[in-house]
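What follows is one structure encoded as structure tokens, with my remarks underneath.
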Amino acid sequence: MPEYTKKDLEELIIGKLRRNFGRDVDEATAIHMFKACAMVLRDIMSARQLKTEDKVQRTHARQIHYLSLEFLMGRSLMKNAYNLGVLEELKGAIEDLGFSAPDLFEIEPDAGLGNGGLGRLAACYLDSMTTLEIPATGYTICYELGIFKQKIIDGQQVELADNWLPVGDAWLIPKVDETEKVHFGGRVKDVWDENGGHRVAYEGGTDVLAIPRDMEIAGYGTEHTNVLRLWDAKSPDPVDMKLFSTGQYLKAVEQQAMAEVIAKVLYPEDNHYEGKSLRLKQQYFFVSATVQSICRKHKAEYGTLRNFHEKHVIQINDTHPTLVIPELMRILLDQEGYGWDEAWHIVTHTVAYTNHTILSEALERWPQQLIETLLPRIWQLLIEISNRYQAQLNEAFHGDQAKVRDMAVIWGGEVRMANLCICACFAVNGVSALHSEILKKDVFHDAYTQNPGKFKNVTNGIDHRRWLSEINPALDALIRECCGGDDYLLRPDAVQKLEKYRDDPSALKRLADIKAENKRAFANYVARETGIILNTDAMFDVQVKRLHEYKRQLLNVLHITYLYQRLKADPNFQFTPRVYLFGAKAAPGYAVAKQIIHLINSLSATINADPVCRDRLQVVFLENYRVSLAEKLMPASELSEQISTAGKEASGTGNMKFMMNGALTIGTLDGANVEMHQQVGDENIFLFGLKADEVAEKKARGYRSYEYYMQDAALKAVIDQIARGFDDGVAYTDLTNRLLFGNGAPADEYMLLADFASYRDAQARAGQAYLDPKDWSRMALINIARSGIFASDRSIRDYARDIWHVPVKK
Ligand SMILES: *Cc1c(COP(=O)(O)O)cnc(C)c1O
């Protein structure tokens with residue numbers, strides 16, 4: 001029996017509408033109704049959260065603090081109702097009150113507080129940590145504007161502001177009494193008290209208030225409830241009365257505006273470092289508020305910070321929150337008066353680091369001068385940390401200056417955040433087996449030889465309750481029937497039992513029917529939203545992810561262009577009909593990525609208008625790819641494009657969402673694809689391309705893309721056509737020159753031409769396999785059955801066992 005019946009929920013919703021909006025149900029708009037539903041669930045969760053907090057305090061449990069500049073939460077209404085076990089009751093209540101439940105779920109804006117995989121991972125981990133009853137808190141910034149909304153106008157990306165808070169704030173609980181103060185700028189003064197004790201004082205500078213707006217996180221099948229703390233920024237002085245009273249009204253509110261700009265907008269660059277002063281302010285703002293908040297609560301409980309590291313783990317999601325290291329040092333030294341060694345011991349037993357990328361353009365290297373002026377005390381501490389580390393390195397490497405230079409924290413006027421993490425964190429992990437090996441062998445090799453035990457792997461995972469059960473109810477029903485009911489929701493490995501049905505014709509047929517129905521549902525959605533009619537008889541071949549050269553959307557385009565040319569040359573050319581679906585946002589300043597979006601749209605317009613492609617080849621660029629669109633698309637996908645240059649994609653999680661929903665993968669041996677291949681074997685995946693070591697080898701020997709162009713006539717024809725362009729008359733010579741000559745970068749940096757022939761073969765194999773529906777269905781079933789290992793519950797169990805050393809629900 002659920003704790004709340006439909007009737008209970010109805011009464012609670014009516015109460016909310018009256019008290020918060022002053023209306024009865026018949027006067028309520030859908031927005032009021034959505035907000036009332038959210039608030040009702042929020043109350044249930046916050047009551048549970050208080051109990052959880054009590055229990056954590058009573059048992060003095062060790063806590064996890066997950067720091068991330070991004071949490072790509074998506075929508076929460078259906079998710080929270082699902083986790084609370086009241087989804088059916090809530091739907092019934094909504095309908096009884098005269099609203100449509102599906103329409104209401106659609107009203108909710110995505111909480112788009114992230115760019116892509118890294119932010120979505122943090123969201124999945126919150127769900128799993130809570131479900132596994134780990135006392136955990138997430139921390140981030142309460143961005144007023146999330147990831148921009150994408151419109152395609154004349155084939156090109158246009159960005160619109162994503163103002164999610166007017167509706168999305170229904171989930172947030174402001175905790176004004178837990179406000180923290182964060183200091184910026186000014187000068188540091190050394191002060192000695194009468195006993196000769198050293199103190200630090202600040203002269204000048206500005207304070208910014210950090211106000212928590214907490215989002216409750218419900219677990220599944222448990223009353224355990226955690227919190228995502230979103231810090232909002234406010235000025236301590238709303239207006240400067242001195243200026244105001246002299247008539248300088250605008251100037252009087254300037255400081256307030258300066259403070260509030262910190263939480264204004266999420267930086268929209270994925271896997272890319274931008275050395276912007278406002279970004280550094282965001283990082284320090286959120287890190288300082290978080291550390292102060294954790295320390296304040298710890299002291300209230302224990303009266304000292306001496307046992308801090310026994311009670312807390314601070315997990316940092318990539319290097320963006322690295323300033324926790326000097327910030328915690330600052331509190332221990334300046335506020336608690338501890339000596340350096342004791343403070344350093346506490347810090348280095350508290351903080352753990354997850355690396356997310358080895359792309360050099362993504363590595364954060366903050367200019368000394370920026371840190372020095374914005375954070376003068378932090379700068380002093382960084383120098384001390386750096387000097388001590390360097391002395392230690394000199395000794396360990398017997399003065400080998402090349403090694404010391406590579407590993408230094410401060411070098412050439414820059415602070416290298418990854419090196420600071422390696423120096424100070426008790427654990428460093430990569431996010432897939434391959435990626436973690438590359439960290440040890442390559443990027444952080446010297447640090448690894450010094451301290452091998454520090455380096456771990458935790459392969460990423462996804463919340464299978466959201467990404468399978470919630471979004472694909474028909475598949476969920478099939479799994480329940482075949483795998484012992486809802487057991488798999490808490491034991492993702494139970495999906496293995498599906499495999500007993502790999503040769504069962506009726507199960508295979510049922511799986512095929514589910515996919516066909518999901519394709520129709522998705523096609524209906526696309527038709528409603530865009531008017532485009534997708535051919536549901538063709539294979540849905542999907543590449544959705546951020547637009548990046550290393551992810552190689554352009555390789556997919558080369559191949560589609562190849563198919564198109566074959567069709568034009570010979571209308572009887574035999575191949576499996578395909579609908580190619582793309583979805584991708586480009587960082588607003590990433591010109592090449594934007595050109596690739598434009599190219600996909602030019603190609604799409606030409607192909608979709610050409611009668612020779614009718615019922616055989618269709619290309620659609622889906623606008624504004626985001627969590628809520630992914631949720632509709634994954635259940636309808638048949639072929640998953642995971643085609644990054646081997647060695648470049650740290651893990652990928654999109655690949656896992658597709659696999660769980662029964663899409664087959666065409667991909668390189670990169671990131672977690674390697675482990676997917678291990679699970680399913682050669683016969684249930686379409687692998688192609690160079691392997692990571694072969695990519696490196698080829699680069700070292702001097703890769704010449706031009707030779708592939710000259711030697712493969714079909715490839716040459718494709719590239720020549722892209723250079724000329726398609727029916728809209730837009731030429732793409734910038735892109736083709738990049739492939740052939742480099743244009744500043746190395747020619748074809750991501751080796752599309754080297755992998756083209758192999759990709760074309762893999763595409764042909766996939767097309768061939770699709771012609772046998774039963775065989776295809778069997779492969780899909782095997783993929784689903786072996787996808788349990790990619791549930792984020794497994795990832796969190798790994799973190800808990802290997803890094804955090806905290807107990808989890810059995
Ligand atoms: C899962 C997800 C991603 C990550 O996809 P990759 O293919 O792993 O890069 C990006 N964006 C959204 C909206 C997602 O849901």
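Within each chain, counting starts at residue 1; across the structure tokens, chains are named A, B, ... in the order shown, with ligands numbered 1 upward in that order.
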
TODO: Can you check which residues of stretch 277-450 of chain A DSSP gives as strand (DSSP E or B) on the backbone and send them as a list of chain:residue names?
DONE: A:His312, A:Val313, A:Ile314, A:Gln315, A:Ile316, A:Asn317, A:Val351, A:Ala352, A:Tyr353, A:Thr354, A:Arg365, A:Trp366, A:Pro367, A:Ile410, A:Trp411, A:Glu414, A:Val415, A:Arg416, A:Ala427, A:Val428, A:Asn429, A:Gly430

Open item on the list: As a quick test: using only C-alpha atoms and all ligand atoms, which residues lie no more than 10 Å away from ligand 1? Give them as number ranges by chain.
Closed with: A: 72-74, 110, 112, 114-121, 124, 270, 460, 462, 467, 543-548, 551, 583-585, 624-631, 634, 640-644, 649-658, 671-672

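Put simply, atom CA of A:Ala609 is 17.7 Å away from atom CA of A:Phe582.
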
Stretch 472-479 of chain A environment, 7 Å, only C-alpha atoms, sequence neighbours closer than 6 positions dropped, as a tab-separated table (two decimals) with N, CA and C atoms, in the first residue's frame:
chain	number	residue	atom	x	y	z
A	495	VAL	N	18.25	-8.05	-14.76
A	495	VAL	CA	17.82	-8.03	-16.17
A	495	VAL	C	18.49	-9.16	-16.96
A	498	LEU	N	16.55	-11.98	-18.56
A	498	LEU	CA	15.94	-11.84	-19.90
A	498	LEU	C	16.57	-12.80	-20.89
A	514	ILE	N	7.40	-3.78	-29.23
A	514	ILE	CA	7.59	-2.65	-28.31
A	514	ILE	C	8.40	-1.55	-29.01
A	635	PRO	N	13.80	5.20	-26.13
A	635	PRO	CA	12.99	3.99	-26.33
A	635	PRO	C	12.72	3.69	-27.81

Task: Shell of 12 Å around A:Leu687, only C-alpha atoms, local chain residues under 6 positions omitted, as a ChimeraX atom specification - done: /A:640-644,646,664-670,673-674,676-678,680-681,755,758-766

- [ ] Taking the chain letters and numbering used in this document, name the residues of stretch 218-422 of chain A that DSSP puts in alpha helix (DSSP H), as number ranges by chain.
- [x] A: 241-245, 249-260, 277-302, 308-311, 324-330, 340-348, 368-374, 376-396, 401-407, 417-422

Task: atom CA of A:Ser795 to atom CA of A:Met659, straight-line distance in Å - done: 16.6 Å

Open item on the list: Could you check the closest approach to A:Asp26 for each of A:Val253, A:Leu740, A:Ala38, A:Leu97 and tell me which residue wins, using only C-alpha atoms?
Closed with: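 Closest to A:Asp26 of all the choices is A:Leu97.
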
Open item on the list: Quick one: residues within 10 Å of stretch 385-390 of chain A, only C-alpha atoms, excluding same-chain residues fewer than 6 positions away - as a ChimeraX atom specification?
Closed with: /A:325-326,329,340,344,379,396,399,404-405,407-411,415,419-420,423-424

Store the residues of this selection in a file with C-alpha atoms, as a CSV table (one decimal), in the first residue's frame.
chain,number,residue,atom,x,y,z
A,325,ILE,CA,41.4,22.2,-1.4
A,326,PRO,CA,42.9,25.7,-0.5
A,329,MET,CA,43.0,24.8,4.2
A,340,TRP,CA,50.0,23.4,8.4
A,344,TRP,CA,47.0,19.3,5.3
A,379,TRP,CA,46.8,32.5,-3.8
A,396,ALA,CA,61.3,11.7,-5.3
A,399,GLY,CA,65.9,16.5,-9.5
A,404,VAL,CA,59.0,18.1,-11.8
A,405,ARG,CA,57.8,20.6,-14.4
A,407,MET,CA,53.7,17.6,-12.3
A,408,ALA,CA,54.0,21.1,-10.8
A,409,VAL,CA,50.9,22.8,-9.4
A,410,ILE,CA,52.0,26.4,-10.4
A,411,TRP,CA,54.2,26.7,-13.5
A,415,VAL,CA,47.8,27.1,-11.7
A,419,ASN,CA,47.9,18.6,-10.8
A,420,LEU,CA,46.6,20.2,-7.6
A,423,CYS,CA,48.7,16.3,-5.2
A,424,ALA,CA,46.0,16.8,-2.6

Open item on the list: If I take atom CA of A:Asp513 and atom CA of A:Asn608, how far is one from the other in Å, to one decimal?
Closed with: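 Atom CA of A:Asn608 lies 26.9 Å from atom CA of A:Asp513.
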
Open item on the list: Applying 10 Å and only C-alpha atoms, which residues near A:Gly767 remain after dropping the ones on its own chain fewer than 5 positions away? List them as a ChimeraX atom specification.
Closed with: /A:539,575-578,639,761-762,772

Task: A:Met258 surroundings by only C-alpha atoms, 10 Å radius, close-in-sequence under 3 positions cut, as a VMD selection string - done: chain A and resid 208 233 to 235 253 to 255 261 to 262

- [ ] Go through A:Ile358, A:Tyr488, A:Ile796, A:Val313 and flag the residue nearest A:Glu437, using only C-alpha atoms for the distances.
- [x] A:Ile358

Using only C-alpha atoms, what does the table of stretch 610-699 of chain A residues within 6 Å of stretch 773-785 of chain A look like, with each row giving the shortest atom pair and its distance in Å to one decimal, sorted by chain and ascending number, as a Markdown table?
| residue | atom | partner | partner_atom | distance |
| --- | --- | --- | --- | --- |
| A:Met659 | CA | A:Asn783 | CA | 5.9 |
| A:Met660 | CA | A:Ile784 | CA | 4.9 |
| A:Gly662 | CA | A:Ala780 | CA | 4.7 |
| A:Asn684 | CA | A:Met779 | CA | 5.4 |
